[in-house]
>>> print(open('structure30.cif').read())   # mmCIF, C-alpha atoms, pLDDT in the B column; chains and numbers go by the auth columns
data_data
#
loop_
_atom_site.group_PDB
_atom_site.id
_atom_site.type_symbol
_atom_site.label_atom_id
_atom_site.label_comp_id
_atom_site.label_asym_id
_atom_site.label_seq_id
_atom_site.Cartn_x
_atom_site.Cartn_y
_atom_site.Cartn_z
_atom_site.B_iso_or_equiv
_atom_site.auth_seq_id
_atom_site.auth_asym_id
ATOM 1 C CA MET A 1 0.000 0.000 0.000 75.00 1232 A
ATOM 2 C CA THR A 2 2.920 2.321 0.714 86.00 1233 A
ATOM 3 C CA THR A 3 4.217 1.708 -2.768 88.00 1234 A
ATOM 4 C CA LEU A 4 0.873 2.635 -4.212 89.00 1235 A
ATOM 5 C CA VAL A 5 0.766 5.847 -2.228 91.00 1236 A
ATOM 6 C CA VAL A 6 4.295 6.803 -3.287 93.00 1237 A
ATOM 7 C CA LEU A 7 3.567 6.040 -6.915 92.00 1238 A
ATOM 8 C CA SER A 8 0.382 8.068 -6.742 92.00 1239 A
ATOM 9 C CA VAL A 9 2.226 11.025 -5.286 94.00 1240 A
ATOM 10 C CA ILE A 10 4.932 10.716 -7.945 93.00 1241 A
ATOM 11 C CA ASP A 11 2.276 10.519 -10.639 91.00 1242 A
ATOM 12 C CA ILE A 12 0.532 13.641 -9.442 93.00 1243 A
ATOM 13 C CA ALA A 13 3.823 15.470 -8.956 94.00 1244 A
ATOM 14 C CA LEU A 14 4.967 14.558 -12.470 92.00 1245 A
ATOM 15 C CA LEU A 15 1.709 15.787 -13.936 92.00 1246 A
ATOM 16 C CA ILE A 16 1.882 19.077 -12.073 94.00 1247 A
ATOM 17 C CA ALA A 17 5.600 19.582 -12.857 94.00 1248 A
ATOM 18 C CA GLY A 18 5.126 18.755 -16.526 92.00 1249 A
ATOM 19 C CA LEU A 19 2.197 21.083 -16.845 93.00 1250 A
ATOM 20 C CA ALA A 20 4.128 23.849 -15.082 95.00 1251 A
ATOM 21 C CA PHE A 21 7.187 23.393 -17.316 94.00 1252 A
ATOM 22 C CA TYR A 22 5.228 23.407 -20.542 94.00 1253 A
ATOM 23 C CA LEU A 23 3.128 26.306 -19.322 94.00 1254 A
ATOM 24 C CA PHE A 24 6.301 28.277 -18.663 96.00 1255 A
ATOM 25 C CA VAL A 25 7.767 27.430 -22.075 95.00 1256 A
ATOM 26 C CA VAL A 26 4.582 28.196 -23.982 95.00 1257 A
ATOM 27 C CA GLY A 27 4.047 31.318 -21.945 95.00 1258 A
ATOM 28 C CA SER A 28 7.482 32.680 -22.787 96.00 1259 A
ATOM 29 C CA GLN A 29 6.973 31.868 -26.463 95.00 1260 A
ATOM 30 C CA LEU A 30 3.567 33.547 -26.522 96.00 1261 A
ATOM 31 C CA THR A 31 5.004 36.592 -24.797 96.00 1262 A
ATOM 32 C CA ARG A 32 7.658 36.876 -27.497 96.00 1263 A
ATOM 33 C CA ILE A 33 5.051 36.390 -30.207 96.00 1264 A
ATOM 34 C CA ALA A 34 2.845 39.061 -28.666 96.00 1265 A
ATOM 35 C CA LYS A 35 5.745 41.492 -28.619 96.00 1266 A
ATOM 36 C CA ASN A 36 6.547 40.776 -32.259 96.00 1267 A
ATOM 37 C CA LEU A 37 2.907 41.093 -33.268 96.00 1268 A
ATOM 38 C CA GLU A 38 2.638 44.401 -31.472 96.00 1269 A
ATOM 39 C CA GLU A 39 5.674 45.627 -33.384 96.00 1270 A
ATOM 40 C CA CYS A 40 4.062 44.336 -36.584 96.00 1271 A
ATOM 41 C CA ALA A 41 0.889 46.261 -35.790 96.00 1272 A
ATOM 42 C CA ASN A 42 2.867 49.460 -35.290 96.00 1273 A
ATOM 43 C CA THR A 43 4.727 48.870 -38.542 96.00 1274 A
ATOM 44 C CA VAL A 44 1.447 48.289 -40.394 96.00 1275 A
ATOM 45 C CA ARG A 45 0.108 51.554 -39.021 96.00 1276 A
ATOM 46 C CA GLU A 46 3.242 53.334 -40.252 95.00 1277 A
ATOM 47 C CA ILE A 47 2.863 51.745 -43.685 95.00 1278 A
ATOM 48 C CA VAL A 48 -0.782 52.825 -43.843 95.00 1279 A
ATOM 49 C CA GLY A 49 0.247 56.349 -42.906 94.00 1280 A
ATOM 50 C CA ASN A 50 2.916 56.336 -45.602 93.00 1281 A
ATOM 51 C CA ALA A 51 0.540 54.945 -48.215 94.00 1282 A
ATOM 52 C CA GLU A 52 -2.266 57.408 -47.575 93.00 1283 A
ATOM 53 C CA VAL A 53 -0.503 60.160 -49.523 92.00 1284 A
ATOM 54 C CA ILE A 54 0.255 58.002 -52.553 94.00 1285 A
ATOM 55 C CA ARG A 55 -3.157 57.965 -54.218 94.00 1286 A
ATOM 56 C CA PRO A 56 -4.068 61.683 -54.004 93.00 1287 A
ATOM 57 C CA GLY A 57 -0.497 62.674 -54.884 94.00 1288 A
ATOM 58 C CA VAL A 58 -0.340 60.459 -57.937 95.00 1289 A
ATOM 59 C CA GLU A 59 -3.797 61.585 -59.054 95.00 1290 A
ATOM 60 C CA HIS A 60 -2.660 65.196 -58.727 94.00 1291 A
ATOM 61 C CA ILE A 61 0.489 64.503 -60.765 95.00 1292 A
ATOM 62 C CA ASN A 62 -1.496 62.666 -63.434 95.00 1293 A
ATOM 63 C CA ARG A 63 -4.048 65.461 -63.726 95.00 1294 A
ATOM 64 C CA THR A 64 -1.384 68.157 -64.045 95.00 1295 A
ATOM 65 C CA GLY A 65 0.666 66.054 -66.446 94.00 1296 A
ATOM 66 C CA ARG A 66 -2.398 65.549 -68.627 94.00 1297 A
ATOM 67 C CA VAL A 67 -2.891 69.324 -68.822 94.00 1298 A
ATOM 68 C CA ILE A 68 0.776 69.827 -69.706 92.00 1299 A
ATOM 69 C CA ALA A 69 0.697 67.130 -72.365 92.00 1300 A
ATOM 70 C CA GLY A 70 -2.392 68.725 -73.899 91.00 1301 A
ATOM 71 C CA ALA A 71 -0.815 72.199 -73.944 89.00 1302 A
ATOM 72 C CA LEU A 72 2.540 71.244 -75.457 90.00 1303 A
ATOM 73 C CA PRO A 73 1.265 70.879 -79.092 90.00 1304 A
ATOM 74 C CA LEU A 74 -0.167 74.381 -78.853 89.00 1305 A
ATOM 75 C CA LEU A 75 3.177 75.697 -77.623 89.00 1306 A
ATOM 76 C CA TYR A 76 5.293 74.143 -80.324 88.00 1307 A
ATOM 77 C CA GLY A 77 2.704 75.117 -82.947 89.00 1308 A
ATOM 78 C CA MET A 78 3.150 78.707 -81.882 89.00 1309 A
ATOM 79 C CA ALA A 79 6.938 78.288 -81.890 89.00 1310 A
ATOM 80 C CA GLU A 80 6.823 76.925 -85.442 89.00 1311 A
ATOM 81 C CA GLY A 81 4.741 79.902 -86.515 88.00 1312 A
ATOM 82 C CA ILE A 82 7.300 82.266 -85.005 89.00 1313 A
ATOM 83 C CA VAL A 83 10.201 80.501 -86.744 88.00 1314 A
ATOM 84 C CA LYS A 84 8.352 80.551 -90.049 86.00 1315 A
ATOM 85 C CA GLY A 85 7.623 84.246 -89.638 84.00 1316 A
ATOM 86 C CA VAL A 86 11.151 85.394 -88.812 84.00 1317 A
ATOM 87 C CA THR A 87 13.104 83.239 -91.322 82.00 1318 A
ATOM 88 C CA PRO A 88 14.405 85.497 -94.197 81.00 1319 A
ATOM 89 C CA ARG A 89 13.529 84.380 -97.744 78.00 1320 A
ATOM 90 C CA PRO A 90 16.147 85.189 -100.480 77.00 1321 A
ATOM 91 C CA ALA A 91 14.733 86.882 -103.589 77.00 1322 A
ATOM 92 C CA GLU A 92 14.971 84.644 -106.667 75.00 1323 A
ATOM 93 C CA PRO A 93 16.531 86.107 -109.870 71.00 1324 A
ATOM 94 C CA PRO A 94 13.943 86.901 -112.574 76.00 1325 A
ATOM 95 C CA VAL A 95 15.847 85.092 -115.434 80.00 1326 A
ATOM 96 C CA ARG A 96 18.376 82.378 -114.847 75.00 1327 A
ATOM 97 C CA GLY A 97 21.211 81.853 -117.380 75.00 1328 A
ATOM 98 C CA PRO A 98 22.389 78.448 -118.677 78.00 1329 A
ATOM 99 C CA ALA A 99 24.429 76.354 -116.346 77.00 1330 A
ATOM 100 C CA ARG A 100 28.166 76.381 -117.195 76.00 1331 A
ATOM 101 C CA PRO A 101 30.883 74.189 -115.668 72.00 1332 A
ATOM 102 C CA ALA A 102 33.053 76.088 -113.277 76.00 1333 A
ATOM 103 C CA SER A 103 36.255 74.276 -114.406 72.00 1334 A
ATOM 104 C CA GLY A 104 36.148 75.488 -118.010 68.00 1335 A
ATOM 105 C CA ARG A 105 37.320 73.369 -120.988 67.00 1336 A
ATOM 106 C CA ARG A 106 39.472 70.377 -120.152 67.00 1337 A
ATOM 107 C CA ARG A 107 43.039 70.288 -121.460 70.00 1338 A
ATOM 108 C CA SER A 108 44.540 66.988 -122.728 72.00 1339 A
ATOM 109 C CA ARG A 109 47.962 66.030 -121.362 76.00 1340 A
ATOM 110 C CA LEU A 110 48.642 63.297 -123.989 78.00 1341 A
ATOM 111 C CA HIS A 111 50.717 65.671 -126.122 76.00 1342 A
ATOM 112 C CA ASP A 112 52.811 66.728 -123.166 79.00 1343 A
ATOM 113 C CA SER A 113 53.576 63.109 -122.297 81.00 1344 A
ATOM 114 C CA VAL A 114 55.126 62.432 -125.739 83.00 1345 A
ATOM 115 C CA GLY A 115 56.840 65.807 -126.073 81.00 1346 A
ATOM 116 C CA TYR A 116 54.624 67.111 -128.875 79.00 1347 A
ATOM 117 C CA VAL A 117 53.678 70.711 -128.893 78.00 1348 A
ATOM 118 C CA PRO A 118 51.140 71.526 -131.607 72.00 1349 A
ATOM 119 C CA SER A 119 51.198 74.885 -133.233 75.00 1350 A
ATOM 120 C CA GLY A 120 49.269 77.439 -131.297 68.00 1351 A
ATOM 121 C CA ALA A 121 49.195 75.230 -128.235 59.00 1352 A
ATOM 122 C CA SER A 122 50.644 77.888 -126.014 58.00 1353 A
ATOM 123 C CA GLN A 123 47.865 80.210 -127.011 52.00 1354 A
ATOM 124 C CA GLN A 124 45.319 77.467 -126.477 50.00 1355 A
ATOM 125 C CA ASN A 125 46.785 76.567 -123.120 52.00 1356 A
ATOM 126 C CA ALA A 126 46.851 80.165 -122.216 47.00 1357 A
ATOM 127 C CA GLY A 127 43.210 80.373 -123.209 47.00 1358 A
ATOM 128 C CA VAL A 128 42.363 77.309 -121.140 47.00 1359 A
ATOM 129 C CA ALA A 129 44.288 78.605 -118.206 45.00 1360 A
ATOM 130 C CA GLU A 130 42.249 81.721 -118.355 41.00 1361 A
ATOM 131 C CA MET B 1 -7.229 4.714 14.434 58.00 230 B
ATOM 132 C CA THR B 2 -7.720 1.539 12.572 64.00 231 B
ATOM 133 C CA VAL B 3 -6.296 0.960 9.092 61.00 232 B
ATOM 134 C CA GLU B 4 -8.266 -1.438 7.089 72.00 233 B
ATOM 135 C CA ALA B 5 -6.460 -3.590 4.559 82.00 234 B
ATOM 136 C CA LEU B 6 -7.349 -3.087 0.922 81.00 235 B
ATOM 137 C CA THR B 7 -8.934 -5.837 -0.931 88.00 236 B
ATOM 138 C CA SER B 8 -7.296 -7.216 -4.041 88.00 237 B
ATOM 139 C CA THR B 9 -9.887 -5.546 -6.179 90.00 238 B
ATOM 140 C CA GLN B 10 -9.126 -2.175 -4.633 89.00 239 B
ATOM 141 C CA LYS B 11 -5.420 -2.747 -5.064 88.00 240 B
ATOM 142 C CA GLY B 12 -5.967 -3.656 -8.679 91.00 241 B
ATOM 143 C CA LEU B 13 -8.017 -0.549 -9.253 92.00 242 B
ATOM 144 C CA TRP B 14 -5.372 1.586 -7.561 91.00 243 B
ATOM 145 C CA TRP B 15 -2.615 0.071 -9.694 92.00 244 B
ATOM 146 C CA GLY B 16 -4.726 0.690 -12.725 94.00 245 B
ATOM 147 C CA ALA B 17 -5.218 4.291 -11.696 93.00 246 B
ATOM 148 C CA VAL B 18 -1.486 4.771 -11.121 92.00 247 B
ATOM 149 C CA ILE B 19 -0.561 3.226 -14.477 94.00 248 B
ATOM 150 C CA GLY B 20 -3.302 5.169 -16.207 94.00 249 B
ATOM 151 C CA GLY B 21 -1.986 8.326 -14.570 93.00 250 B
ATOM 152 C CA PHE B 22 1.509 7.689 -15.930 93.00 251 B
ATOM 153 C CA VAL B 23 0.080 7.064 -19.357 95.00 252 B
ATOM 154 C CA ILE B 24 -1.891 10.274 -19.137 93.00 253 B
ATOM 155 C CA VAL B 25 1.234 12.160 -18.033 93.00 254 B
ATOM 156 C CA LEU B 26 3.125 10.810 -21.031 94.00 255 B
ATOM 157 C CA ALA B 27 0.273 11.706 -23.386 94.00 256 B
ATOM 158 C CA VAL B 28 0.026 15.194 -21.946 93.00 257 B
ATOM 159 C CA ALA B 29 3.790 15.613 -22.348 93.00 258 B
ATOM 160 C CA ALA B 30 3.605 14.497 -25.972 95.00 259 B
ATOM 161 C CA LEU B 31 0.701 16.804 -26.759 95.00 260 B
ATOM 162 C CA LEU B 32 2.347 19.732 -25.029 94.00 261 B
ATOM 163 C CA THR B 33 5.560 19.051 -26.941 95.00 262 B
ATOM 164 C CA ILE B 34 3.589 19.258 -30.172 96.00 263 B
ATOM 165 C CA LEU B 35 2.044 22.489 -28.906 95.00 264 B
ATOM 166 C CA VAL B 36 5.462 23.952 -28.134 95.00 265 B
ATOM 167 C CA VAL B 37 6.757 23.009 -31.583 96.00 266 B
ATOM 168 C CA LEU B 38 3.767 24.622 -33.281 96.00 267 B
ATOM 169 C CA VAL B 39 4.054 27.751 -31.184 96.00 268 B
ATOM 170 C CA ARG B 40 7.749 27.961 -32.035 96.00 269 B
ATOM 171 C CA ARG B 41 6.850 27.726 -35.731 97.00 270 B
ATOM 172 C CA ILE B 42 4.335 30.535 -35.250 96.00 271 B
ATOM 173 C CA ASP B 43 7.058 32.583 -33.578 96.00 272 B
ATOM 174 C CA GLN B 44 9.420 32.064 -36.516 96.00 273 B
ATOM 175 C CA ARG B 45 6.729 33.010 -39.046 97.00 274 B
ATOM 176 C CA VAL B 46 5.847 36.105 -37.051 96.00 275 B
ATOM 177 C CA VAL B 47 9.503 37.136 -37.138 96.00 276 B
ATOM 178 C CA LYS B 48 9.470 36.749 -40.927 97.00 277 B
ATOM 179 C CA VAL B 49 6.287 38.810 -41.160 96.00 278 B
ATOM 180 C CA ARG B 50 7.882 41.484 -39.009 96.00 279 B
ATOM 181 C CA GLU B 51 10.950 41.638 -41.251 96.00 280 B
ATOM 182 C CA THR B 52 8.753 41.865 -44.349 96.00 281 B
ATOM 183 C CA LEU B 53 6.751 44.667 -42.800 96.00 282 B
ATOM 184 C CA HIS B 54 9.942 46.496 -41.919 96.00 283 B
ATOM 185 C CA ALA B 55 11.041 46.237 -45.559 96.00 284 B
ATOM 186 C CA ALA B 56 7.653 47.535 -46.713 95.00 285 B
ATOM 187 C CA ARG B 57 7.890 50.402 -44.244 95.00 286 B
ATOM 188 C CA ASP B 58 11.342 51.300 -45.556 94.00 287 B
ATOM 189 C CA ASN B 59 10.045 51.155 -49.123 94.00 288 B
ATOM 190 C CA THR B 60 7.169 53.514 -48.373 93.00 289 B
ATOM 191 C CA ALA B 61 9.151 55.850 -46.165 92.00 290 B
ATOM 192 C CA ASP B 62 9.693 58.404 -48.952 93.00 291 B
ATOM 193 C CA THR B 63 6.119 58.704 -50.143 93.00 292 B
ATOM 194 C CA ALA B 64 5.934 62.156 -48.603 90.00 293 B
ATOM 195 C CA LEU B 65 7.946 63.297 -51.626 94.00 294 B
ATOM 196 C CA ILE B 66 4.960 62.566 -53.878 94.00 295 B
ATOM 197 C CA GLY B 67 3.164 65.661 -52.640 91.00 296 B
ATOM 198 C CA GLU B 68 6.261 67.736 -53.189 94.00 297 B
ATOM 199 C CA THR B 69 6.565 66.298 -56.691 94.00 298 B
ATOM 200 C CA ALA B 70 2.961 67.279 -57.358 94.00 299 B
ATOM 201 C CA ASP B 71 3.773 70.832 -56.316 94.00 300 B
ATOM 202 C CA ARG B 72 6.777 70.875 -58.651 95.00 301 B
ATOM 203 C CA VAL B 73 4.625 69.614 -61.515 95.00 302 B
ATOM 204 C CA ASP B 74 2.205 72.436 -60.803 95.00 303 B
ATOM 205 C CA ALA B 75 5.154 74.823 -61.031 95.00 304 B
ATOM 206 C CA VAL B 76 6.008 73.335 -64.434 94.00 305 B
ATOM 207 C CA LEU B 77 2.442 73.934 -65.538 94.00 306 B
ATOM 208 C CA ALA B 78 2.580 77.551 -64.357 94.00 307 B
ATOM 209 C CA GLU B 79 5.842 78.038 -66.230 93.00 308 B
ATOM 210 C CA GLY B 80 4.265 76.523 -69.328 91.00 309 B
ATOM 211 C CA LEU B 81 1.443 79.020 -69.100 91.00 310 B
ATOM 212 C CA GLN B 82 4.013 81.835 -68.962 93.00 311 B
ATOM 213 C CA HIS B 83 5.660 80.351 -72.068 91.00 312 B
ATOM 214 C CA HIS B 84 2.266 80.259 -73.747 91.00 313 B
ATOM 215 C CA LEU B 85 1.669 83.915 -73.029 92.00 314 B
ATOM 216 C CA PHE B 86 5.155 84.861 -74.210 92.00 315 B
ATOM 217 C CA LEU B 87 4.909 82.862 -77.429 90.00 316 B
ATOM 218 C CA GLY B 88 1.474 84.337 -78.085 90.00 317 B
ATOM 219 C CA ARG B 89 2.816 87.872 -77.814 91.00 318 B
ATOM 220 C CA VAL B 90 5.810 87.094 -80.047 90.00 319 B
ATOM 221 C CA LEU B 91 3.642 85.354 -82.621 88.00 320 B
ATOM 222 C CA ASP B 92 1.323 88.352 -82.812 88.00 321 B
ATOM 223 C CA LYS B 93 4.300 90.662 -83.393 87.00 322 B
ATOM 224 C CA VAL B 94 5.755 88.372 -86.047 85.00 323 B
ATOM 225 C CA ARG B 95 2.474 88.163 -87.907 80.00 324 B
ATOM 226 C CA SER B 96 1.836 91.897 -87.721 78.00 325 B
#
>>> encode(input="structure30.cif", output="structure tokens")
Amino acid sequence: MTTLVVLSVIDIALLIAGLAFYLFVVGSQLTRIAKNLEECANTVREIVGNAEVIRPGVEHINRTGRVIAGALPLLYGMAEGIVKGVTPRPAEPPVRGPARPASGRRRSRLHDSVGYVPSGASQQNAGVAE
Amino acid sequence: MTVEALTSTQKGLWWGAVIGGFVIVLAVAALLTILVVLVRRIDQRVVKVRETLHAARDNTADTALIGETADRVDAVLAEGLQHHLFLGRVLDKVRS
């Protein structure tokens, strides 16, 4: 009977000690989780505060950008009109003469290569040189 | 005080209760171990969520500049209107 009493006491003590140990472990873990979740909640509130200005700001930028994009063709149309108005136009001659080569008549060098000088070549060359 | 001896049936029941108690202690320990493991997993996931939220907070920390950008875009629009007025005056002079 003494053995039964001792075993019963050990049984109850083991149950109470085990429950206490696991309660302590789970309690510490849940405390850490609660602290992390509280930090998460604060971070979420900060993110919400940061994100509140995004939508109205972007809508404002889009609206203003749309106005600017619509006004730019008008601006460069006016600029083209100004450029067209201030560009000088040269007066064209009333009658244009025939087109002549700027180099004049070509002179052959075949005679020079063989040492032949035809009569009147100096005058011709002089005429070409002119 | 007289102590009565237990019958064999009572002793058997007591032994059964003691053995059943040990079994229950072991089962409770196993279940609580599973609980601790699951809670530890929750703790690790919460830490990951916290880190992700910190990254999101850092990413959205500069959104206050959006309002300032909107003001600058308004300034560009006002300057464009000045350009419009100037070009209109010049165009009228060029045409006249």
>>> resolve_selection(input="structure30.cif", expression="the PyMOL selection byres ((chain B) within 9 of (chain A))", output="NGL selection string")
:B and (234-235 or 240 or 243-244 or 246-248 or 250-251 or 253-255 or 257-258 or 261-262 or 264-265 or 268-269 or 271-273 or 275-276 or 278-280 or 282-283 or 285-287 or 289-293 or 295-300 or 302-303 or 305-306 or 309-310 or 312-313 or 316-317 or 319-321 or 323-324)
>>> atom_distance(input="structure30.cif", atom1="CA of Val252 (chain B)", atom2="CA of Ala1244 (chain A)")
13.9 Å
>>> atom_distance(input="structure30.cif", atom1="CA of Ala259 (chain B)", atom2="CA of Thr1233 (chain A)")
29.3 Å
>>> atom_distance(input="structure30.cif", atom1="CA of Lys277 (chain B)", atom2="CA of Ala1251 (chain A)")
29.4 Å
